[in-house]
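> Dropping in data.pdb, which is PDB, C-alpha atoms:
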ATOM      1  CA  MET A 276       2.763 -54.412  31.894
ATOM      2  CA  ARG A 277       0.022 -56.963  32.403
ATOM      3  CA  ARG A 278      -2.890 -54.833  31.324
ATOM      4  CA  ARG A 279      -3.431 -52.891  28.180
ATOM      5  CA  LYS A 280      -3.294 -49.115  28.360
ATOM      6  CA  ALA A 281      -6.611 -47.338  28.922
ATOM      7  CA  LYS A 282      -8.050 -45.432  25.973
ATOM      8  CA  LYS A 283      -8.064 -41.651  26.117
ATOM      9  CA  ILE A 284     -11.563 -40.208  25.966
ATOM     10  CA  ALA A 285     -11.872 -37.376  23.468
ATOM     11  CA  ILE A 286     -13.186 -34.255  25.209
ATOM     12  CA  LEU A 287     -15.236 -31.874  23.103
ATOM     13  CA  PRO A 288     -14.502 -28.131  23.229
ATOM     14  CA  ASP A 289     -16.900 -25.842  25.082
ATOM     15  CA  PRO A 290     -19.613 -23.931  23.162
ATOM     16  CA  ARG A 291     -18.606 -20.340  24.033
ATOM     17  CA  PHE A 292     -14.795 -20.262  23.671
ATOM     18  CA  ASN A 293     -14.300 -23.468  21.643
ATOM     19  CA  GLU A 294     -11.554 -24.600  24.080
ATOM     20  CA  VAL A 295     -10.961 -28.150  25.341
ATOM     21  CA  LEU A 296      -9.178 -26.745  28.435
ATOM     22  CA  VAL A 297     -12.390 -25.001  29.520
ATOM     23  CA  THR A 298     -14.379 -28.243  29.202
ATOM     24  CA  LYS A 299     -11.793 -30.112  31.301
ATOM     25  CA  PHE A 300     -12.008 -27.399  33.949
ATOM     26  CA  VAL A 301     -15.819 -27.495  33.956
ATOM     27  CA  ASN A 302     -15.744 -31.307  34.254
ATOM     28  CA  ASN A 303     -13.653 -30.917  37.419
ATOM     29  CA  LEU A 304     -15.943 -28.153  38.689
ATOM     30  CA  MET A 305     -19.099 -30.221  38.144
ATOM     31  CA  LEU A 306     -20.859 -31.824  41.113
ATOM     32  CA  ASP A 307     -23.454 -34.626  40.886
ATOM     33  CA  GLY A 308     -23.387 -34.639  37.069
ATOM     34  CA  LYS A 309     -24.803 -31.099  36.763
ATOM     35  CA  LYS A 310     -22.707 -29.966  33.831
ATOM     36  CA  THR A 311     -25.038 -27.166  32.701
ATOM     37  CA  LEU A 312     -24.814 -25.580  36.145
ATOM     38  CA  ALA A 313     -21.019 -25.986  36.135
ATOM     39  CA  PHE A 314     -20.809 -24.251  32.731
ATOM     40  CA  LYS A 315     -23.038 -21.435  34.042
ATOM     41  CA  ILE A 316     -20.794 -20.961  37.092
ATOM     42  CA  PHE A 317     -17.666 -20.901  34.913
ATOM     43  CA  TYR A 318     -19.081 -18.458  32.349
ATOM     44  CA  ASP A 319     -20.401 -16.183  35.131
ATOM     45  CA  ALA A 320     -16.920 -16.223  36.696
ATOM     46  CA  ILE A 321     -15.375 -15.235  33.345
ATOM     47  CA  ASP A 322     -17.924 -12.386  33.034
ATOM     48  CA  ILE A 323     -17.062 -11.189  36.570
ATOM     49  CA  ILE A 324     -13.358 -11.248  35.663
ATOM     50  CA  GLU A 325     -14.057  -9.182  32.535
ATOM     51  CA  THR A 326     -15.946  -6.548  34.558
ATOM     52  CA  LYS A 327     -13.179  -6.350  37.199
ATOM     53  CA  ILE A 328     -10.251  -6.350  34.751
ATOM     54  CA  GLU A 329     -11.145  -4.411  31.600
ATOM     55  CA  GLU A 330      -7.798  -4.500  29.766
ATOM     56  CA  THR A 331      -7.507  -8.307  29.364
ATOM     57  CA  PRO A 332     -10.179 -10.814  28.278
ATOM     58  CA  GLY A 333     -11.470 -13.236  30.911
ATOM     59  CA  LEU A 334     -10.228 -16.343  29.099
ATOM     60  CA  GLU A 335      -6.658 -14.974  29.081
ATOM     61  CA  VAL A 336      -6.853 -14.344  32.850
ATOM     62  CA  PHE A 337      -8.129 -17.927  33.290
ATOM     63  CA  LYS A 338      -5.273 -19.394  31.225
ATOM     64  CA  LYS A 339      -2.626 -17.264  32.955
ATOM     65  CA  GLY A 340      -3.981 -18.172  36.386
ATOM     66  CA  LEU A 341      -4.012 -21.879  35.547
ATOM     67  CA  GLU A 342      -0.482 -21.633  34.138
ATOM     68  CA  ASN A 343       0.755 -19.901  37.316
ATOM     69  CA  VAL A 344      -0.735 -22.634  39.532
ATOM     70  CA  THR A 345       0.625 -25.552  37.436
ATOM     71  CA  PRO A 346       3.331 -27.452  39.381
ATOM     72  CA  SER A 347       6.524 -28.732  37.739
ATOM     73  CA  VAL A 348       7.703 -31.097  40.519
ATOM     74  CA  GLU A 349       6.008 -32.878  43.390
ATOM     75  CA  VAL A 350       7.139 -35.082  46.269
ATOM     76  CA  ARG A 351       6.218 -38.756  46.480
ATOM     77  CA  SER A 352       6.631 -40.947  49.552
ATOM     78  CA  ARG A 353       8.881 -43.981  49.164
ATOM     79  CA  ARG A 354       9.982 -46.476  51.783
ATOM     80  CA  VAL A 355      13.704 -47.250  51.737
ATOM     81  CA  GLY A 356      14.813 -49.592  54.498
ATOM     82  CA  GLY A 357      12.773 -48.626  57.536
ATOM     83  CA  ALA A 358      12.457 -44.944  56.692
ATOM     84  CA  THR A 359       9.978 -43.107  54.490
ATOM     85  CA  PHE A 360      11.525 -40.473  52.243
ATOM     86  CA  GLN A 361       9.822 -37.643  50.371
ATOM     87  CA  ILE A 362      11.313 -37.950  46.889
ATOM     88  CA  PRO A 363      10.939 -35.082  44.402
ATOM     89  CA  THR A 364       9.689 -36.281  41.011
ATOM     90  CA  PRO A 365       8.782 -34.377  37.848
ATOM     91  CA  VAL A 366       5.049 -34.237  37.104
ATOM     92  CA  ARG A 367       3.572 -35.648  33.865
ATOM     93  CA  GLU A 368       1.893 -33.113  31.564
ATOM     94  CA  GLU A 369      -1.689 -34.380  32.061
ATOM     95  CA  ARG A 370      -1.222 -34.570  35.839
ATOM     96  CA  LYS A 371       0.161 -31.008  35.939
ATOM     97  CA  GLN A 372      -3.016 -29.699  34.359
ATOM     98  CA  SER A 373      -5.229 -31.871  36.521
ATOM     99  CA  LEU A 374      -3.513 -30.821  39.771
ATOM    100  CA  ALA A 375      -3.710 -27.139  38.840
ATOM    101  CA  MET A 376      -7.447 -27.399  38.128
ATOM    102  CA  LYS A 377      -8.190 -29.353  41.301
ATOM    103  CA  TRP A 378      -6.230 -26.920  43.480
ATOM    104  CA  MET A 379      -7.904 -23.931  41.839
ATOM    105  CA  ILE A 380     -11.418 -25.337  42.323
ATOM    106  CA  GLY A 381     -10.722 -26.621  45.835
ATOM    107  CA  TYR A 382      -9.383 -23.329  47.120
ATOM    108  CA  SER A 383     -12.081 -21.301  45.358
ATOM    109  CA  ARG A 384     -14.717 -23.403  47.174
ATOM    110  CA  LYS A 385     -13.123 -22.413  50.498
ATOM    111  CA  ARG A 386     -13.232 -18.658  49.772
ATOM    112  CA  ASN A 387     -15.712 -16.261  51.415
ATOM    113  CA  GLU A 388     -17.417 -14.621  48.427
ATOM    114  CA  LYS A 389     -21.191 -14.975  48.093
ATOM    115  CA  THR A 390     -21.571 -17.095  44.951
ATOM    116  CA  MET A 391     -19.407 -19.875  43.547
ATOM    117  CA  ALA A 392     -18.887 -17.805  40.393
ATOM    118  CA  GLY A 393     -17.579 -14.932  42.542
ATOM    119  CA  ARG A 394     -15.268 -17.262  44.459
ATOM    120  CA  LEU A 395     -13.911 -18.818  41.273
ATOM    121  CA  ALA A 396     -13.405 -15.406  39.658
ATOM    122  CA  ALA A 397     -11.545 -14.091  42.722
ATOM    123  CA  GLU A 398      -9.278 -17.155  42.863
ATOM    124  CA  LEU A 399      -8.539 -16.955  39.117
ATOM    125  CA  ILE A 400      -7.684 -13.255  39.363
ATOM    126  CA  ALA A 401      -5.458 -13.912  42.392
ATOM    127  CA  ALA A 402      -3.691 -16.794  40.599
ATOM    128  CA  SER A 403      -3.080 -14.668  37.504
ATOM    129  CA  LYS A 404      -1.405 -12.074  39.759
ATOM    130  CA  GLU A 405       0.693 -14.859  41.382
ATOM    131  CA  GLU A 406      -1.083 -14.744  44.728
ATOM    132  CA  GLY A 407      -3.929 -16.623  46.410
ATOM    133  CA  ALA A 408      -4.218 -20.004  48.089
ATOM    134  CA  ALA A 409      -3.808 -22.158  44.952
ATOM    135  CA  TYR A 410      -0.594 -20.337  44.004
ATOM    136  CA  LYS A 411       0.649 -20.726  47.583
ATOM    137  CA  LYS A 412       0.004 -24.487  47.339
ATOM    138  CA  LYS A 413       2.160 -24.651  44.200
ATOM    139  CA  GLU A 414       4.939 -22.704  45.929
ATOM    140  CA  ASP A 415       4.749 -25.016  48.962
ATOM    141  CA  THR A 416       5.080 -28.159  46.826
ATOM    142  CA  LEU A 417       8.031 -26.594  44.989
ATOM    143  CA  ARG A 418       9.665 -25.666  48.319
ATOM    144  CA  MET A 419       9.063 -29.189  49.637
ATOM    145  CA  ALA A 420      10.717 -30.700  46.546
ATOM    146  CA  GLU A 421      13.632 -28.279  46.892
ATOM    147  CA  ALA A 422      14.111 -29.232  50.551
ATOM    148  CA  ASN A 423      14.147 -32.960  49.734
ATOM    149  CA  LYS A 424      16.419 -32.686  46.704
ATOM    150  CA  ALA A 425      19.039 -34.772  48.551
ATOM    151  CA  PHE A 426      16.796 -37.853  48.271
ATOM    152  CA  SER A 427      16.252 -37.576  44.503
ATOM    153  CA  HIS A 428      18.743 -40.418  43.899
ATOM    154  CA  PHE A 429      16.155 -42.843  45.352
ATOM    155  CA  ARG A 430      13.929 -42.153  42.358
ATOM    156  CA  PHE A 431      13.665 -45.049  39.930
TER
END
As a first step, turn the structure in this file into structure tokens.

Amino acid sequence: MRRRKAKKIAILPDPRFNEVLVTKFVNNLMLDGKKTLAFKIFYDAIDIIETKIEETPGLEVFKKGLENVTPSVEVRSRRVGGATFQIPTPVREERKQSLAMKWMIGYSRKRNEKTMAGRLAAELIAASKEEGAAYKKKEDTLRMAEANKAFSHFRF
């Protein structure tokens, strides 16, 4: 490689749960640098989850939902000859987490609940039960990779 590898920025854990995963999620949720508002939305969503589902803590529902949405393979376009093939490739660990968070936030923004906290809570609950739009996205990417398994020998 010509360039040196970029340094990893250390992310501090969040104040309430002391989890780095929560801070990463909030960083993805944040718009226009308003981190305090993003934390408020996330914590309100966790509180809504805890009122709706009494038997499990909200953080566990969040982790289970994120785990259910995390993809293992994805398809990448590659030109071979004149044709473009969709080649299934395994996803790196950091990218898995990042994709899951982005899908979760993106599809929660498109939901119909009144507040963003309500939308996020509903999407997290749905993902923990293996349903909802973000989970469907994961299933679709898996199905796409399965359908294009014949082209996996083009991977390098």
> Given the file above and the PyMOL selection byres ((chain A and resi 310-327) around 10), which residues are selected, and can you give them as a PyMOL selection string?
chain A and resi 289-292+297-298+300-309+328-337+390-400
> Tell me, as JSON, numbers by chain, which residues lie within 12 Å of Ala402 in chain A, counting only C-alpha atoms; anything in the same chain fewer than 4 positions away does not count.
{"A": [336, 337, 338, 339, 340, 341, 342, 343, 344, 345, 375, 376, 378, 379, 380, 382, 383, 395, 396, 397, 398, 406, 407, 408, 409, 410, 411, 412, 413, 414]}
> So for range 289-306 of chain A, what box centre and size do we get, axis-aligned, 8 Å extra on each of the six sides, every listed atom, Å to one decimal, as AutoDock Vina command-line options?

--center_x -15.0 --center_y -26.0 --center_z 31.4 --size_x 27.7 --size_y 27.6 --size_z 35.5
> The PyMOL selection byres ((chain A and resi 421-425) around 12) - which residues does that actually catch in the file I just gave you? List them as a PDB file with C-alpha atoms, keeping the file's coordinate frame.

ATOM      1  CA  SER A 347       6.524 -28.732  37.739  1.00  0.00           C
ATOM      2  CA  VAL A 348       7.703 -31.097  40.519  1.00  0.00           C
ATOM      3  CA  GLU A 349       6.008 -32.878  43.390  1.00  0.00           C
ATOM      4  CA  VAL A 350       7.139 -35.082  46.269  1.00  0.00           C
ATOM      5  CA  ARG A 351       6.218 -38.756  46.480  1.00  0.00           C
ATOM      6  CA  SER A 352       6.631 -40.947  49.552  1.00  0.00           C
ATOM      7  CA  THR A 359       9.978 -43.107  54.490  1.00  0.00           C
ATOM      8  CA  PHE A 360      11.525 -40.473  52.243  1.00  0.00           C
ATOM      9  CA  GLN A 361       9.822 -37.643  50.371  1.00  0.00           C
ATOM     10  CA  ILE A 362      11.313 -37.950  46.889  1.00  0.00           C
ATOM     11  CA  PRO A 363      10.939 -35.082  44.402  1.00  0.00           C
ATOM     12  CA  THR A 364       9.689 -36.281  41.011  1.00  0.00           C
ATOM     13  CA  PRO A 365       8.782 -34.377  37.848  1.00  0.00           C
ATOM     14  CA  GLU A 414       4.939 -22.704  45.929  1.00  0.00           C
ATOM     15  CA  ASP A 415       4.749 -25.016  48.962  1.00  0.00           C
ATOM     16  CA  THR A 416       5.080 -28.159  46.826  1.00  0.00           C
ATOM     17  CA  LEU A 417       8.031 -26.594  44.989  1.00  0.00           C
ATOM     18  CA  ARG A 418       9.665 -25.666  48.319  1.00  0.00           C
ATOM     19  CA  MET A 419       9.063 -29.189  49.637  1.00  0.00           C
ATOM     20  CA  ALA A 420      10.717 -30.700  46.546  1.00  0.00           C
ATOM     21  CA  PHE A 426      16.796 -37.853  48.271  1.00  0.00           C
ATOM     22  CA  SER A 427      16.252 -37.576  44.503  1.00  0.00           C
ATOM     23  CA  HIS A 428      18.743 -40.418  43.899  1.00  0.00           C
ATOM     24  CA  PHE A 429      16.155 -42.843  45.352  1.00  0.00           C
ATOM     25  CA  ARG A 430      13.929 -42.153  42.358  1.00  0.00           C
TER      26      ARG A 430
END
> Please measure the separation of CA of Arg370 in chain A and CA of Arg279 in chain A, giving the value in Å to one decimal.
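Rounded to one decimal, the two atoms are 20.0 Å apart.
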> Would you please work out which residue, of A:Lys385, A:Arg354, A:Leu296, A:Glu405, is nearest to Glu369 in chain A when using only C-alpha atoms?
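Going through A:Lys385, A:Arg354, A:Leu296, A:Glu405 one by one, the smallest distance to Glu369 in chain A is for A:Leu296.
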> How far is it from CA of Lys371 in chain A to CA of Lys283 in chain A, in Å with one decimal?
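Between CA of Lys371 in chain A and CA of Lys283 in chain A the gap is 16.7 Å.
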> Between CA of Glu294 in chain A and CA of Arg384 in chain A, what distance in Å does the model show, to one decimal?
23.3 Å
